[in-house]
$ cat start.cif   # mmCIF, C-alpha atoms and all ligand atoms
data_work
#
loop_
_atom_site.label_atom_id
_atom_site.label_comp_id
_atom_site.auth_asym_id
_atom_site.auth_seq_id
_atom_site.Cartn_x
_atom_site.Cartn_y
_atom_site.Cartn_z
CA MET U 1 -71.76 -11.53 43.56
CA ALA U 2 -73.42 -9.18 46.00
CA ILE U 3 -71.88 -5.72 46.12
CA SER U 4 -71.81 -3.14 48.91
CA PRO U 5 -74.56 -0.49 49.10
CA ARG U 6 -71.92 2.18 48.43
CA LYS U 7 -70.79 0.42 45.26
CA ALA U 8 -74.42 -0.07 44.19
CA TRP U 9 -75.11 3.65 44.48
CA GLY U 10 -71.84 4.39 42.64
CA ILE U 11 -73.04 2.29 39.69
CA ILE U 12 -76.51 3.87 39.62
CA ARG U 13 -75.01 7.35 39.88
CA SER U 14 -72.69 6.76 36.96
CA CYS U 15 -75.56 5.56 34.71
CA VAL U 16 -78.14 8.25 35.51
CA LYS U 17 -78.08 11.42 33.38
CA PRO U 18 -80.27 14.46 34.02
CA LEU U 19 -83.30 14.52 31.71
CA GLY U 20 -83.88 17.24 29.14
CA SER U 21 -85.19 20.69 29.98
CA ILE U 22 -88.62 22.24 29.49
CA ARG U 23 -90.12 25.61 30.30
CA LYS U 24 -92.74 25.61 33.05
CA PRO U 25 -95.13 28.41 33.98
CA LEU U 26 -93.94 29.69 37.35
CA ASP U 27 -97.13 28.64 39.11
CA GLU U 28 -96.41 25.03 38.10
CA ALA U 29 -92.65 25.13 38.67
CA PHE U 30 -92.60 24.45 42.41
CA GLY U 31 -90.44 21.41 43.22
CA TYR U 32 -88.78 21.27 39.80
CA CYS U 33 -85.06 21.64 39.42
CA LEU U 34 -83.68 24.67 37.57
CA ALA U 35 -81.97 23.93 34.26
CA GLN U 36 -80.77 27.53 33.96
CA ASP U 37 -79.03 30.11 36.09
CA VAL U 38 -81.26 32.91 37.33
CA ARG U 39 -79.80 36.43 37.36
CA ALA U 40 -81.12 39.74 38.62
CA ASP U 41 -82.89 41.59 35.77
CA ARG U 42 -82.40 44.87 37.64
CA ASP U 43 -80.96 46.06 40.91
CA MET U 44 -82.66 44.59 43.98
CA PRO U 45 -84.30 46.70 45.22
CA PRO U 46 -84.46 48.75 42.01
CA ALA U 47 -84.45 52.08 43.88
CA ASP U 48 -83.87 53.30 47.44
CA ARG U 49 -87.01 52.14 49.24
CA SER U 50 -88.62 52.79 52.58
CA ALA U 51 -88.66 49.86 55.00
CA MET U 52 -91.24 51.59 57.23
CA ASP U 53 -94.33 53.73 57.23
CA GLY U 54 -92.96 57.14 58.18
CA TYR U 55 -91.32 60.27 56.84
CA ALA U 56 -88.39 60.52 54.45
CA LEU U 57 -86.05 63.38 55.27
CA ARG U 58 -82.44 64.54 55.13
CA ALA U 59 -80.26 63.17 57.95
CA ALA U 60 -78.44 66.52 58.02
CA ASP U 61 -81.65 68.14 59.30
CA LEU U 62 -81.74 66.00 62.45
CA THR U 63 -79.86 68.36 64.74
CA GLU U 64 -82.27 68.83 67.64
CA TYR U 65 -85.42 67.26 69.07
CA PRO U 66 -88.20 67.81 68.53
CA CYS U 67 -87.18 68.61 64.98
CA ASN U 68 -89.85 70.31 62.88
CA LEU U 69 -89.98 69.71 59.13
CA ARG U 70 -92.43 70.89 56.49
CA LEU U 71 -94.45 68.09 54.87
CA VAL U 72 -94.14 68.40 51.06
CA GLY U 73 -95.97 65.32 49.79
CA GLU U 74 -96.65 61.63 50.03
CA VAL U 75 -95.30 58.54 48.26
CA ALA U 76 -97.31 55.37 48.66
CA ALA U 77 -95.98 51.93 47.65
CA GLY U 78 -96.42 51.71 43.90
CA SER U 79 -96.72 55.47 43.50
CA SER U 80 -94.41 57.23 41.06
CA ALA U 81 -94.87 60.55 42.87
CA CYS U 82 -91.54 62.26 43.37
CA PRO U 83 -91.79 65.22 45.77
CA GLY U 84 -88.22 66.52 46.09
CA ILE U 85 -87.03 66.94 49.68
CA ARG U 86 -85.17 70.15 50.23
CA PRO U 87 -83.49 71.08 53.54
CA GLY U 88 -86.07 71.52 56.30
CA CYS U 89 -88.66 69.38 54.48
CA CYS U 90 -89.92 65.82 54.58
CA ALA U 91 -92.33 63.57 52.66
CA SER U 92 -94.68 60.92 53.94
CA VAL U 93 -93.58 57.46 52.72
CA LEU U 94 -95.27 54.11 53.09
CA THR U 95 -93.45 50.78 53.35
CA GLY U 96 -92.08 49.78 49.94
CA ALA U 97 -92.34 53.30 48.49
CA ASN U 98 -89.40 54.83 46.65
CA ILE U 99 -87.52 57.42 48.69
CA PRO U 100 -88.01 60.77 46.95
CA PRO U 101 -84.91 62.67 45.77
CA GLY U 102 -83.03 64.42 48.56
CA GLY U 103 -84.24 62.00 51.26
CA ASP U 104 -81.76 59.61 52.85
CA THR U 105 -83.43 58.62 56.13
CA VAL U 106 -86.87 57.39 57.17
CA VAL U 107 -88.26 58.13 60.62
CA LYS U 108 -91.00 55.76 61.78
CA VAL U 109 -94.42 57.35 62.00
CA GLU U 110 -94.66 56.25 65.65
CA LEU U 111 -91.82 58.66 66.56
CA THR U 112 -93.52 61.71 65.04
CA SER U 113 -96.54 63.95 65.30
CA LEU U 114 -98.21 65.95 62.55
CA ALA U 115 -100.01 69.30 62.81
CA ASP U 116 -100.71 72.01 60.24
CA GLY U 117 -98.47 70.51 57.60
CA VAL U 118 -95.51 70.32 59.95
CA VAL U 119 -94.03 67.01 61.08
CA SER U 120 -92.32 66.95 64.46
CA ILE U 121 -89.67 64.31 64.95
CA LEU U 122 -89.92 63.60 68.64
CA GLU U 123 -87.10 61.18 69.34
CA PRO U 124 -83.52 60.86 68.12
CA THR U 125 -83.20 58.73 65.02
CA LYS U 126 -80.00 57.45 63.49
CA PRO U 127 -79.10 58.88 60.08
CA PHE U 128 -79.84 56.68 57.03
CA MET U 129 -82.17 54.36 59.01
CA ASN U 130 -85.03 52.38 57.51
CA VAL U 131 -83.86 52.73 53.91
CA ARG U 132 -83.30 49.67 51.73
CA LYS U 133 -80.61 51.00 49.44
CA ARG U 134 -80.86 50.41 45.72
CA GLY U 135 -79.01 47.16 44.86
CA GLU U 136 -78.22 46.26 48.47
CA GLU U 137 -79.51 42.69 48.01
CA ALA U 138 -78.15 42.17 44.51
CA ALA U 139 -76.98 44.22 41.54
CA LYS U 140 -78.40 43.84 38.04
CA GLY U 141 -76.81 40.77 36.43
CA ASP U 142 -75.82 39.10 39.70
CA MET U 143 -76.31 35.33 39.87
CA LEU U 144 -79.18 34.58 42.23
CA LEU U 145 -79.94 30.87 41.71
CA SER U 146 -77.72 28.41 39.87
CA ALA U 147 -78.81 25.53 37.65
CA GLY U 148 -79.50 22.49 39.82
CA THR U 149 -81.36 24.46 42.48
CA VAL U 150 -84.65 22.86 43.49
CA LEU U 151 -87.43 25.44 43.28
CA GLY U 152 -88.72 25.68 46.83
CA PRO U 153 -91.13 28.44 47.83
CA ALA U 154 -88.45 31.10 48.37
CA ALA U 155 -86.69 30.25 45.08
CA VAL U 156 -90.06 30.53 43.27
CA GLY U 157 -90.31 33.95 44.93
CA VAL U 158 -86.88 34.90 43.56
CA CYS U 159 -87.96 33.91 40.02
CA ALA U 160 -91.07 36.06 40.38
CA THR U 161 -88.99 38.98 41.69
CA VAL U 162 -86.81 38.98 38.58
CA GLY U 163 -89.72 38.54 36.18
CA LEU U 164 -88.96 34.95 35.17
CA ALA U 165 -92.43 33.77 34.19
CA ARG U 166 -91.38 30.49 32.57
CA PRO U 167 -88.20 29.15 34.15
CA LYS U 168 -86.30 26.44 32.33
CA VAL U 169 -86.45 23.32 34.49
CA ARG U 170 -85.53 19.65 34.14
CA ARG U 171 -88.25 17.32 32.99
CA ARG U 172 -89.46 14.95 35.67
CA ALA U 173 -89.00 11.22 35.15
CA THR U 174 -91.98 9.19 33.96
CA ILE U 175 -92.30 6.10 36.11
CA ALA U 176 -93.88 2.67 35.67
CA LEU U 177 -94.57 0.50 38.71
CA LEU U 178 -94.92 -3.25 38.20
CA CYS U 179 -95.89 -5.28 41.24
CA THR U 180 -95.31 -8.95 40.53
CA GLY U 181 -96.92 -11.79 42.44
CA GLU U 182 -99.57 -14.40 41.87
CA GLU U 183 -100.79 -13.87 45.42
CA LEU U 184 -101.55 -10.17 45.03
CA ARG U 185 -105.02 -8.71 45.40
CA ASP U 186 -106.01 -5.11 44.97
CA VAL U 187 -106.83 -3.07 48.08
CA SER U 188 -110.51 -3.10 47.16
CA GLN U 189 -110.68 -6.86 46.53
CA HIS U 190 -111.46 -9.67 48.92
CA ALA U 191 -108.24 -11.45 49.96
CA GLY U 192 -108.37 -15.11 50.93
CA ALA U 193 -106.08 -16.59 53.59
CA HIS U 194 -103.69 -17.64 50.81
CA GLN U 195 -103.58 -14.17 49.26
CA THR U 196 -101.82 -10.89 50.03
CA ARG U 197 -103.08 -7.39 49.45
CA ASN U 198 -100.82 -5.33 47.22
CA SER U 199 -99.37 -2.79 49.63
CA ASN U 200 -96.22 -2.07 47.62
CA GLY U 201 -98.10 -0.32 44.81
CA PRO U 202 -99.92 2.24 46.97
CA LEU U 203 -96.82 2.64 49.16
CA MET U 204 -94.62 3.50 46.18
CA GLN U 205 -97.28 5.78 44.71
CA ALA U 206 -97.33 7.68 48.00
CA ILE U 207 -93.53 8.04 48.11
CA LEU U 208 -93.51 9.32 44.54
CA ALA U 209 -96.45 11.67 45.04
CA ARG U 210 -94.72 13.26 48.01
CA GLU U 211 -91.68 13.93 45.80
CA GLY U 212 -93.87 15.51 43.12
CA PHE U 213 -93.70 12.76 40.48
CA ASP U 214 -97.00 12.96 38.67
CA SER U 215 -96.51 10.62 35.73
CA VAL U 216 -96.74 7.22 37.39
CA THR U 217 -98.46 4.08 36.08
CA HIS U 218 -99.14 1.04 38.21
CA GLU U 219 -99.81 -2.52 37.17
CA VAL U 220 -99.97 -5.89 38.89
CA VAL U 221 -98.31 -8.75 37.01
CA PRO U 222 -98.92 -12.44 37.78
CA ASP U 223 -95.95 -14.81 38.14
CA ASP U 224 -95.79 -15.86 34.51
CA PRO U 225 -92.59 -15.63 32.44
CA GLN U 226 -94.14 -14.29 29.22
CA LEU U 227 -96.53 -11.89 30.97
CA THR U 228 -93.58 -10.55 32.98
CA ILE U 229 -91.49 -10.03 29.84
CA ASP U 230 -94.40 -8.32 28.03
CA ALA U 231 -95.23 -6.04 30.95
CA LEU U 232 -91.59 -5.11 31.51
CA LYS U 233 -91.02 -4.34 27.85
CA ARG U 234 -94.14 -2.22 27.59
CA ALA U 235 -93.26 -0.35 30.78
CA SER U 236 -89.67 0.40 29.92
CA ASP U 237 -90.53 1.32 26.33
CA SER U 238 -92.47 4.27 27.68
CA ALA U 239 -91.13 5.17 31.13
CA ASP U 240 -87.78 6.65 32.11
CA MET U 241 -87.77 4.47 35.22
CA THR U 242 -89.43 1.11 35.71
CA ILE U 243 -89.67 -0.12 39.28
CA LEU U 244 -90.61 -3.74 39.90
CA THR U 245 -91.36 -5.41 43.18
CA GLY U 246 -91.23 -9.13 43.92
CA GLY U 247 -90.07 -12.00 41.75
CA VAL U 248 -86.43 -10.92 41.78
CA SER U 249 -84.99 -13.57 44.08
CA VAL U 250 -84.05 -17.19 43.40
CA GLY U 251 -87.50 -18.74 43.96
CA LYS U 252 -89.01 -21.05 41.36
CA TYR U 253 -91.49 -18.36 40.27
CA ASP U 254 -89.11 -15.41 40.31
CA TYR U 255 -89.10 -14.38 36.66
CA VAL U 256 -87.82 -10.82 36.86
CA PRO U 257 -84.06 -11.39 36.30
CA ASP U 258 -84.68 -13.51 33.18
CA SER U 259 -87.24 -10.98 31.89
CA VAL U 260 -84.72 -8.19 32.22
CA ARG U 261 -82.29 -10.20 30.09
CA ALA U 262 -85.03 -11.16 27.63
CA ILE U 263 -85.84 -7.54 26.73
CA GLY U 264 -82.16 -6.84 26.09
CA ALA U 265 -81.57 -4.54 29.05
CA LYS U 266 -78.03 -4.27 30.35
CA LEU U 267 -77.69 -5.80 33.82
CA ARG U 268 -75.62 -3.44 35.99
CA PHE U 269 -75.81 -5.28 39.30
CA TYR U 270 -77.85 -7.96 41.03
CA LYS U 271 -77.78 -8.30 44.82
CA ILE U 272 -76.52 -5.91 47.44
CA GLN U 273 -74.91 -6.79 50.79
CA MET U 274 -77.73 -5.16 52.66
CA LYS U 275 -80.58 -6.15 54.94
CA PRO U 276 -83.41 -5.79 54.12
CA GLY U 277 -83.27 -5.60 50.37
CA LYS U 278 -80.56 -7.99 49.27
CA PRO U 279 -81.89 -9.12 45.88
CA VAL U 280 -82.02 -5.67 44.29
CA LEU U 281 -81.42 -5.66 40.55
CA TYR U 282 -80.46 -2.68 38.44
CA ALA U 283 -80.39 -2.58 34.65
CA THR U 284 -80.37 0.07 31.95
CA ARG U 285 -81.81 0.26 28.46
CA GLY U 286 -80.43 2.62 25.87
CA ARG U 287 -78.87 5.86 27.00
CA ASN U 288 -81.00 6.86 29.97
CA ARG U 289 -83.73 4.30 30.74
CA HIS U 290 -83.59 2.52 34.05
CA ILE U 291 -85.01 -0.62 35.57
CA ILE U 292 -84.82 -1.29 39.30
CA ALA U 293 -86.28 -4.48 40.71
CA LEU U 294 -86.85 -4.74 44.46
CA PRO U 295 -87.67 -7.76 46.61
CA GLY U 296 -91.37 -8.04 47.41
CA ASN U 297 -91.49 -7.47 51.13
CA PRO U 298 -92.90 -4.01 51.83
CA VAL U 299 -90.17 -2.85 54.24
CA SER U 300 -87.51 -3.84 51.69
CA VAL U 301 -89.43 -1.76 49.15
CA LEU U 302 -89.75 1.20 51.49
CA THR U 303 -86.04 1.08 52.36
CA SER U 304 -84.71 0.51 48.83
CA MET U 305 -86.98 3.23 47.47
CA HIS U 306 -85.38 5.77 49.78
CA VAL U 307 -81.82 4.48 49.65
CA PHE U 308 -81.54 3.95 45.87
CA VAL U 309 -84.64 4.70 43.81
CA LEU U 310 -85.57 8.19 44.97
CA PRO U 311 -81.94 9.37 44.82
CA ALA U 312 -81.77 8.09 41.22
CA LEU U 313 -85.06 9.82 40.37
CA ARG U 314 -83.79 13.05 41.90
CA MET U 315 -80.64 12.84 39.78
CA LEU U 316 -82.76 12.32 36.66
CA SER U 317 -84.69 15.44 37.72
CA GLY U 318 -81.46 17.45 37.79
CA VAL U 319 -80.83 17.59 41.54
CA ARG U 320 -77.13 17.95 42.32
CA GLU U 321 -75.51 14.65 43.13
CA GLU U 322 -74.45 15.66 46.62
CA GLU U 323 -78.07 16.58 47.44
CA CYS U 324 -79.70 13.42 46.09
CA ARG U 325 -79.29 11.24 49.18
CA PRO U 326 -79.90 13.38 52.23
CA SER U 327 -78.79 11.89 55.52
CA ILE U 328 -78.09 13.23 58.98
CA ARG U 329 -75.77 12.04 61.76
CA LEU U 330 -77.39 11.72 65.15
CA PRO U 331 -76.67 9.78 68.35
CA LEU U 332 -78.49 6.51 69.01
CA LYS U 333 -80.89 6.48 71.94
CA SER U 334 -80.42 2.76 72.56
CA ARG U 335 -78.23 0.05 71.09
CA VAL U 336 -78.89 -1.77 67.81
CA LYS U 337 -77.71 -5.32 67.16
CA SER U 338 -76.92 -6.69 63.74
CA LYS U 339 -75.48 -9.77 62.09
CA SER U 340 -72.25 -8.70 60.46
CA GLY U 341 -71.48 -9.26 56.80
CA ARG U 342 -74.29 -7.07 55.41
CA SER U 343 -75.15 -3.43 56.03
CA TYR U 344 -78.22 -3.40 58.21
CA MET U 345 -80.76 -0.70 57.46
CA ALA U 346 -82.65 -0.60 60.74
CA LEU U 347 -85.89 1.29 61.23
CA GLY U 348 -85.50 4.37 63.38
CA ARG U 349 -87.45 7.30 64.66
CA VAL U 350 -86.31 10.77 65.63
CA VAL U 351 -86.94 11.57 69.28
CA ASN U 352 -86.12 14.64 71.30
CA LYS U 353 -83.96 14.07 74.35
CA ARG U 354 -82.91 16.75 76.78
CA SER U 355 -79.51 16.69 75.13
CA GLY U 356 -81.08 17.19 71.67
CA PRO U 357 -82.49 14.99 68.91
CA ALA U 358 -81.56 11.30 68.83
CA ILE U 359 -82.47 8.19 66.85
CA GLU U 360 -84.52 5.55 68.60
CA PRO U 361 -84.48 2.12 66.95
CA VAL U 362 -87.95 0.78 66.08
CA GLU U 363 -88.63 -2.86 66.95
CA SER U 364 -89.59 -4.84 63.90
CA MET U 365 -90.55 -8.43 63.11
CA GLY U 366 -88.64 -8.25 59.82
CA SER U 367 -88.98 -7.03 56.28
CA ALA U 368 -92.68 -7.92 56.02
CA ASP U 369 -93.52 -5.79 59.06
CA ILE U 370 -95.01 -2.72 57.40
CA LEU U 371 -96.79 -1.87 60.63
CA ALA U 372 -93.48 -1.31 62.44
CA ALA U 373 -92.27 0.78 59.51
CA SER U 374 -95.31 3.02 59.82
CA SER U 375 -94.01 4.32 63.16
CA ALA U 376 -90.48 4.96 61.85
CA ASP U 377 -89.10 8.16 60.30
CA GLY U 378 -86.35 6.51 58.29
CA VAL U 379 -83.50 4.04 58.40
CA LEU U 380 -80.18 4.06 60.21
CA THR U 381 -77.21 2.13 58.88
CA VAL U 382 -75.29 -0.43 60.91
CA PRO U 383 -72.14 -0.94 58.80
CA ALA U 384 -71.41 -4.48 57.57
CA SER U 385 -68.31 -4.65 59.80
CA LYS U 386 -70.27 -4.13 63.05
CA THR U 387 -72.41 -6.51 65.11
CA GLU U 388 -73.69 -3.80 67.41
CA LEU U 389 -73.90 -0.03 67.71
CA PRO U 390 -74.02 1.10 71.36
CA ALA U 391 -76.30 3.78 72.77
CA GLY U 392 -74.79 7.20 72.09
CA ALA U 393 -72.98 6.12 68.91
CA LEU U 394 -73.36 8.56 66.03
CA VAL U 395 -75.34 6.93 63.23
CA GLU U 396 -76.04 7.80 59.62
CA PHE U 397 -79.81 8.28 59.36
CA MET U 398 -81.69 8.56 56.09
CA PRO U 399 -85.02 10.26 56.79
CA TRP U 400 -88.05 9.36 54.71
CA ARG U 401 -89.04 12.97 54.67
CA ALA U 402 -86.43 15.20 53.06
CA ASN U 403 -87.38 18.06 55.39
CA LEU U 404 -87.20 16.12 58.65
P1 LIG I 1 -90.98 -12.11 46.46
O1 LIG I 1 -89.87 -11.12 46.48
O2 LIG I 1 -91.77 -12.10 45.23
O3 LIG I 1 -90.46 -13.48 46.83
O4 LIG I 1 -91.96 -11.68 47.62
C1 LIG I 1 -91.52 -11.66 48.96
C2 LIG I 1 -92.69 -11.45 49.89
O5 LIG I 1 -93.25 -10.16 49.65
C3 LIG I 1 -93.81 -12.42 49.70
O6 LIG I 1 -94.33 -12.76 50.97
C4 LIG I 1 -94.84 -11.65 48.91
O7 LIG I 1 -96.15 -12.12 49.10
C5 LIG I 1 -94.65 -10.27 49.44
N1 LIG I 1 -95.05 -9.29 48.43
C6 LIG I 1 -94.65 -9.30 47.15
N2 LIG I 1 -95.21 -8.28 46.48
C7 LIG I 1 -96.00 -7.63 47.38
C8 LIG I 1 -96.84 -6.50 47.28
N3 LIG I 1 -96.99 -5.84 46.12
N4 LIG I 1 -97.49 -6.10 48.38
C9 LIG I 1 -97.34 -6.78 49.55
N5 LIG I 1 -96.56 -7.84 49.70
C10 LIG I 1 -95.90 -8.29 48.62
MG MG I 2 -93.26 -13.20 44.32
#
$ encode --input "start.cif" --output "C-alpha cells"
Amino acid sequence: MAISPRKAWGIIRSCVKPLGSIRKPLDEAFGYCLAQDVRADRDMPPADRSAMDGYALRAADLTEYPCNLRLVGEVAAGSSACPGIRPGCCASVLTGANIPPGGDTVVKVELTSLADGVVSILEPTKPFMNVRKRGEEAAKGDMLLSAGTVLGPAAVGVCATVGLARPKVRRRATIALLCTGEELRDVSQHAGAHQTRNSNGPLMQAILAREGFDSVTHEVVPDDPQLTIDALKRASDSADMTILTGGVSVGKYDYVPDSVRAIGAKLRFYKIQMKPGKPVLYATRGRNRHIIALPGNPVSVLTSMHVFVLPALRMLSGVREEECRPSIRLPLKSRVKSKSGRSYMALGRVVNKRSGPAIEPVESMGSADILAASSADGVLTVPASKTELPAGALVEFMPWRANL
C-alpha cells in the first residue's frame, strides 16, 4: 500500500539516529554539525576595546571645544602597553586596542589635530563613544552555539574566537550509490541506440558533494538477481546509507525489492503516493543503517534525493529535525495542473516579480526529462487533494540549494 509523502518522512525520521561524534580540526570543521555546546572561554571582548583609530580620554574632560589634552602614550592592537589616563590627558589607541585605565571614551582621529604632544578635540563627541565594553557581546561561560548547530563560516569564527581548535562534531554518513540497469553505460563509454548513459550516478554524486559528503562510492549493477543481492549486501555492510536507483518497480527485471529482503533488511515502506517517485523503498539494517531505493528516471531521483534522502542524511549528520527539510512558501506565477490522488512534485524556478519573488512552474516532458530539471531551482508540491493550483496561490517550495 502506497503511503503519503508525509507518512514516508515520518517513518524515515523515526528510524534515523544521529551518528557518533568525532573531533575535527577547526580548518576541516566547516559544514559539520556541532555535537557539543560552545561557551565563551572569557568575556567577549575580554577587555574594554577601542572600536576606532583615535584617542582614548575621560568623558568628564569634554567640557569645551576645541578641548586640548596632553598625549601620554599609544596602545596599538595587540599591545599590552598601559599608559594611565589622568584628567586632562589622552592616549592614542588603534582599532582593537585595549582602552588604557582611566579612559572611557574614544574620539575618532578624524575629529582631532595633534601638535607638540597636545591633542585638540575639534568637534563635540558623545561620552563613552567608540568603546566596545568588556563582555558586551557575551560573558565568560555564556552559551554561544548549541549542539546541533551547523558550522557555517560565522560559527567557525565563533569557535576560533573562543579558542576551540578541535570542536566535537557529528560524523558524516558514509554513502554507497548503486545504479541498477542492464542498459546503463558510463559517461565515457559509447552508448548504442538501445542503451542509456548513467546520469543518476553523477547527478547524485553532485548533490552529495554540494552537501559536503565526501565518503561516497558508486557502482553500476546489471539487472541480475544474485549480482544485485551481492552488491547490496557489500554496500550496506560498509556504508551508513545505501542509495539505489532503478529496478525497484514491478517490472520483470526489477530485482531490488527481493534483494532487500534477501539480505535480511527490514522493509519500512514501499511506494509513496507521489509523482514522480512512486516506487520508493525504504529499509533499515541493524540499529542505524539505511537503504533507500529510488525509481530509475533521473527527475524522480533528483526529486526523491531532495525530499527524502538528503533530509535523512542531514539527520544522520546531527542537523536538528526541524532544519532537515528546508522549504519556503511563495506565490505561484502561473497555474499548475495535476491529477489528484498523488502529491505532485512539480519542477519550479524562483523568479523575481515586481511584487517580490514567485515560483514559476517549469514545463517538463515527465520524469525522464532531466533537461527540464536543469532549468529548475526545486520542486513545488501540489497536494494530493488538488487538481490545480491557480496563479497567486501560496505553494510549498523545496529548493535544491539550501541557501536559495
Ligand atoms: P527502472 O526504474 O529501472 O524501471 O528505470 C526507469 C527508467 O529510468 C528507465 O528508462 C531507465 O533506463 C532509466 N534509468 C535507470 N537508471 C538510470 C540511470 N542510472 N541513469 C539514467 N537513466 C536511468
Ligand atoms: Mg531498470
$ residues_near_ligand --input "start.cif" --ligand "ligand MG 2 (chain I)" --cutoff "7 Å" --atoms "only C-alpha atoms and all ligand atoms" --output "PyMOL selection string"
chain U and resi 180-182+223+246-247+253-254+296
$ closest_atom_pairs --input "start.cif" --of "chain U" --to "ligand LIG 1 (chain I)" --cutoff "7 Å" --atoms "only C-alpha atoms and all ligand atoms" --output "JSON lines"
{"residue": "U:Cys179", "atom": "CA", "partner": "I:LIG1", "partner_atom": "N3", "distance": 5.0}
{"residue": "U:Thr180", "atom": "CA", "partner": "I:LIG1", "partner_atom": "N2", "distance": 6.0}
{"residue": "U:Gly181", "atom": "CA", "partner": "I:LIG1", "partner_atom": "N2", "distance": 5.6}
{"residue": "U:Glu183", "atom": "CA", "partner": "I:LIG1", "partner_atom": "O7", "distance": 6.2}
{"residue": "U:Leu184", "atom": "CA", "partner": "I:LIG1", "partner_atom": "C8", "distance": 6.4}
{"residue": "U:Thr196", "atom": "CA", "partner": "I:LIG1", "partner_atom": "O7", "distance": 5.9}
{"residue": "U:Arg197", "atom": "CA", "partner": "I:LIG1", "partner_atom": "C9", "distance": 5.8}
{"residue": "U:Asn198", "atom": "CA", "partner": "I:LIG1", "partner_atom": "N4", "distance": 3.6}
{"residue": "U:Ser199", "atom": "CA", "partner": "I:LIG1", "partner_atom": "N4", "distance": 4.0}
{"residue": "U:Asn200", "atom": "CA", "partner": "I:LIG1", "partner_atom": "N3", "distance": 4.1}
{"residue": "U:Gly201", "atom": "CA", "partner": "I:LIG1", "partner_atom": "N3", "distance": 5.8}
{"residue": "U:Thr245", "atom": "CA", "partner": "I:LIG1", "partner_atom": "N2", "distance": 5.8}
{"residue": "U:Gly246", "atom": "CA", "partner": "I:LIG1", "partner_atom": "O2", "distance": 3.3}
{"residue": "U:Gly247", "atom": "CA", "partner": "I:LIG1", "partner_atom": "O2", "distance": 3.9}
{"residue": "U:Val248", "atom": "CA", "partner": "I:LIG1", "partner_atom": "O1", "distance": 5.8}
{"residue": "U:Ser249", "atom": "CA", "partner": "I:LIG1", "partner_atom": "O1", "distance": 6.0}
{"residue": "U:Gly251", "atom": "CA", "partner": "I:LIG1", "partner_atom": "O3", "distance": 6.7}
{"residue": "U:Asp254", "atom": "CA", "partner": "I:LIG1", "partner_atom": "O2", "distance": 6.5}
{"residue": "U:Pro295", "atom": "CA", "partner": "I:LIG1", "partner_atom": "O1", "distance": 4.0}
{"residue": "U:Gly296", "atom": "CA", "partner": "I:LIG1", "partner_atom": "C6", "distance": 3.5}
{"residue": "U:Asn297", "atom": "CA", "partner": "I:LIG1", "partner_atom": "O5", "distance": 3.5}
{"residue": "U:Pro298", "atom": "CA", "partner": "I:LIG1", "partner_atom": "C9", "distance": 5.7}
{"residue": "U:Ala368", "atom": "CA", "partner": "I:LIG1", "partner_atom": "O5", "distance": 6.8}
$ closest_atom_pairs --input "start.cif" --of "range 259-289 of chain U" --to "range 231-242 of chain U" --cutoff "10 Å" --atoms "only C-alpha atoms" --output "CSV"
residue,atom,partner,partner_atom,distance
U:Ser259,CA,U:Leu232,CA,7.3
U:Val260,CA,U:Leu232,CA,7.6
U:Ala262,CA,U:Lys233,CA,9.1
U:Ile263,CA,U:Lys233,CA,6.2
U:Gly264,CA,U:Lys233,CA,9.4
U:Ala265,CA,U:Ser236,CA,9.5
U:Ala283,CA,U:Thr242,CA,9.8
U:Thr284,CA,U:Met241,CA,9.2
U:Arg285,CA,U:Ser236,CA,8.0
U:Asn288,CA,U:Asp240,CA,7.1
U:Arg289,CA,U:Asp240,CA,4.9
$ closest_residue --input "start.cif" --among "U:Met315, U:Met1, U:Leu203, U:Ala154" --to "Cys33 in chain U" --atoms "all atoms listed in the file"
U:Met315
$ residues_near_point --input "start.cif" --point "(-75.9, 4.7, 60.6)" --cutoff "12 Å" --atoms "all atoms listed in the file" --output "CSV table (one decimal) with C-alpha atoms, in the frame of the given file"
chain,number,residue,atom,x,y,z
U,327,SER,CA,-78.8,11.9,55.5
U,328,ILE,CA,-78.1,13.2,59.0
U,329,ARG,CA,-75.8,12.0,61.8
U,330,LEU,CA,-77.4,11.7,65.2
U,331,PRO,CA,-76.7,9.8,68.4
U,332,LEU,CA,-78.5,6.5,69.0
U,335,ARG,CA,-78.2,0.0,71.1
U,336,VAL,CA,-78.9,-1.8,67.8
U,338,SER,CA,-76.9,-6.7,63.7
U,343,SER,CA,-75.2,-3.4,56.0
U,344,TYR,CA,-78.2,-3.4,58.2
U,345,MET,CA,-80.8,-0.7,57.5
U,346,ALA,CA,-82.6,-0.6,60.7
U,347,LEU,CA,-85.9,1.3,61.2
U,348,GLY,CA,-85.5,4.4,63.4
U,358,ALA,CA,-81.6,11.3,68.8
U,359,ILE,CA,-82.5,8.2,66.8
U,360,GLU,CA,-84.5,5.6,68.6
U,361,PRO,CA,-84.5,2.1,67.0
U,378,GLY,CA,-86.4,6.5,58.3
U,379,VAL,CA,-83.5,4.0,58.4
U,380,LEU,CA,-80.2,4.1,60.2
U,381,THR,CA,-77.2,2.1,58.9
U,382,VAL,CA,-75.3,-0.4,60.9
U,383,PRO,CA,-72.1,-0.9,58.8
U,384,ALA,CA,-71.4,-4.5,57.6
U,386,LYS,CA,-70.3,-4.1,63.0
U,388,GLU,CA,-73.7,-3.8,67.4
U,389,LEU,CA,-73.9,0.0,67.7
U,390,PRO,CA,-74.0,1.1,71.4
U,392,GLY,CA,-74.8,7.2,72.1
U,393,ALA,CA,-73.0,6.1,68.9
U,394,LEU,CA,-73.4,8.6,66.0
U,395,VAL,CA,-75.3,6.9,63.2
U,396,GLU,CA,-76.0,7.8,59.6
U,397,PHE,CA,-79.8,8.3,59.4
U,398,MET,CA,-81.7,8.6,56.1
U,399,PRO,CA,-85.0,10.3,56.8
$ closest_residue --input "start.cif" --among "U:Val93, U:Ala77, U:Met52, U:Leu302" --to "Ala206 in chain U" --atoms "only C-alpha atoms"
U:Leu302
$ closest_residue --input "start.cif" --among "U:Arg6, U:Leu177, U:Arg354, U:Phe128" --to "Arg325 in chain U" --atoms "only C-alpha atoms"
U:Arg6
$ residues_around --input "start.cif" --residues "range 25-31 of chain U" --least-positions-apart "3" --cutoff "7 Å" --atoms "only C-alpha atoms" --output "number ranges by chain"
U: 150-153, 156, 165-167, 212
$ residues_around --input "start.cif" --residues "range 119-124 of chain U" --least-positions-apart "2" --cutoff "12 Å" --atoms "all atoms listed in the file" --output "ChimeraX atom specification"
/U:54-57,59,61-73,88-92,106-117,126-127,129
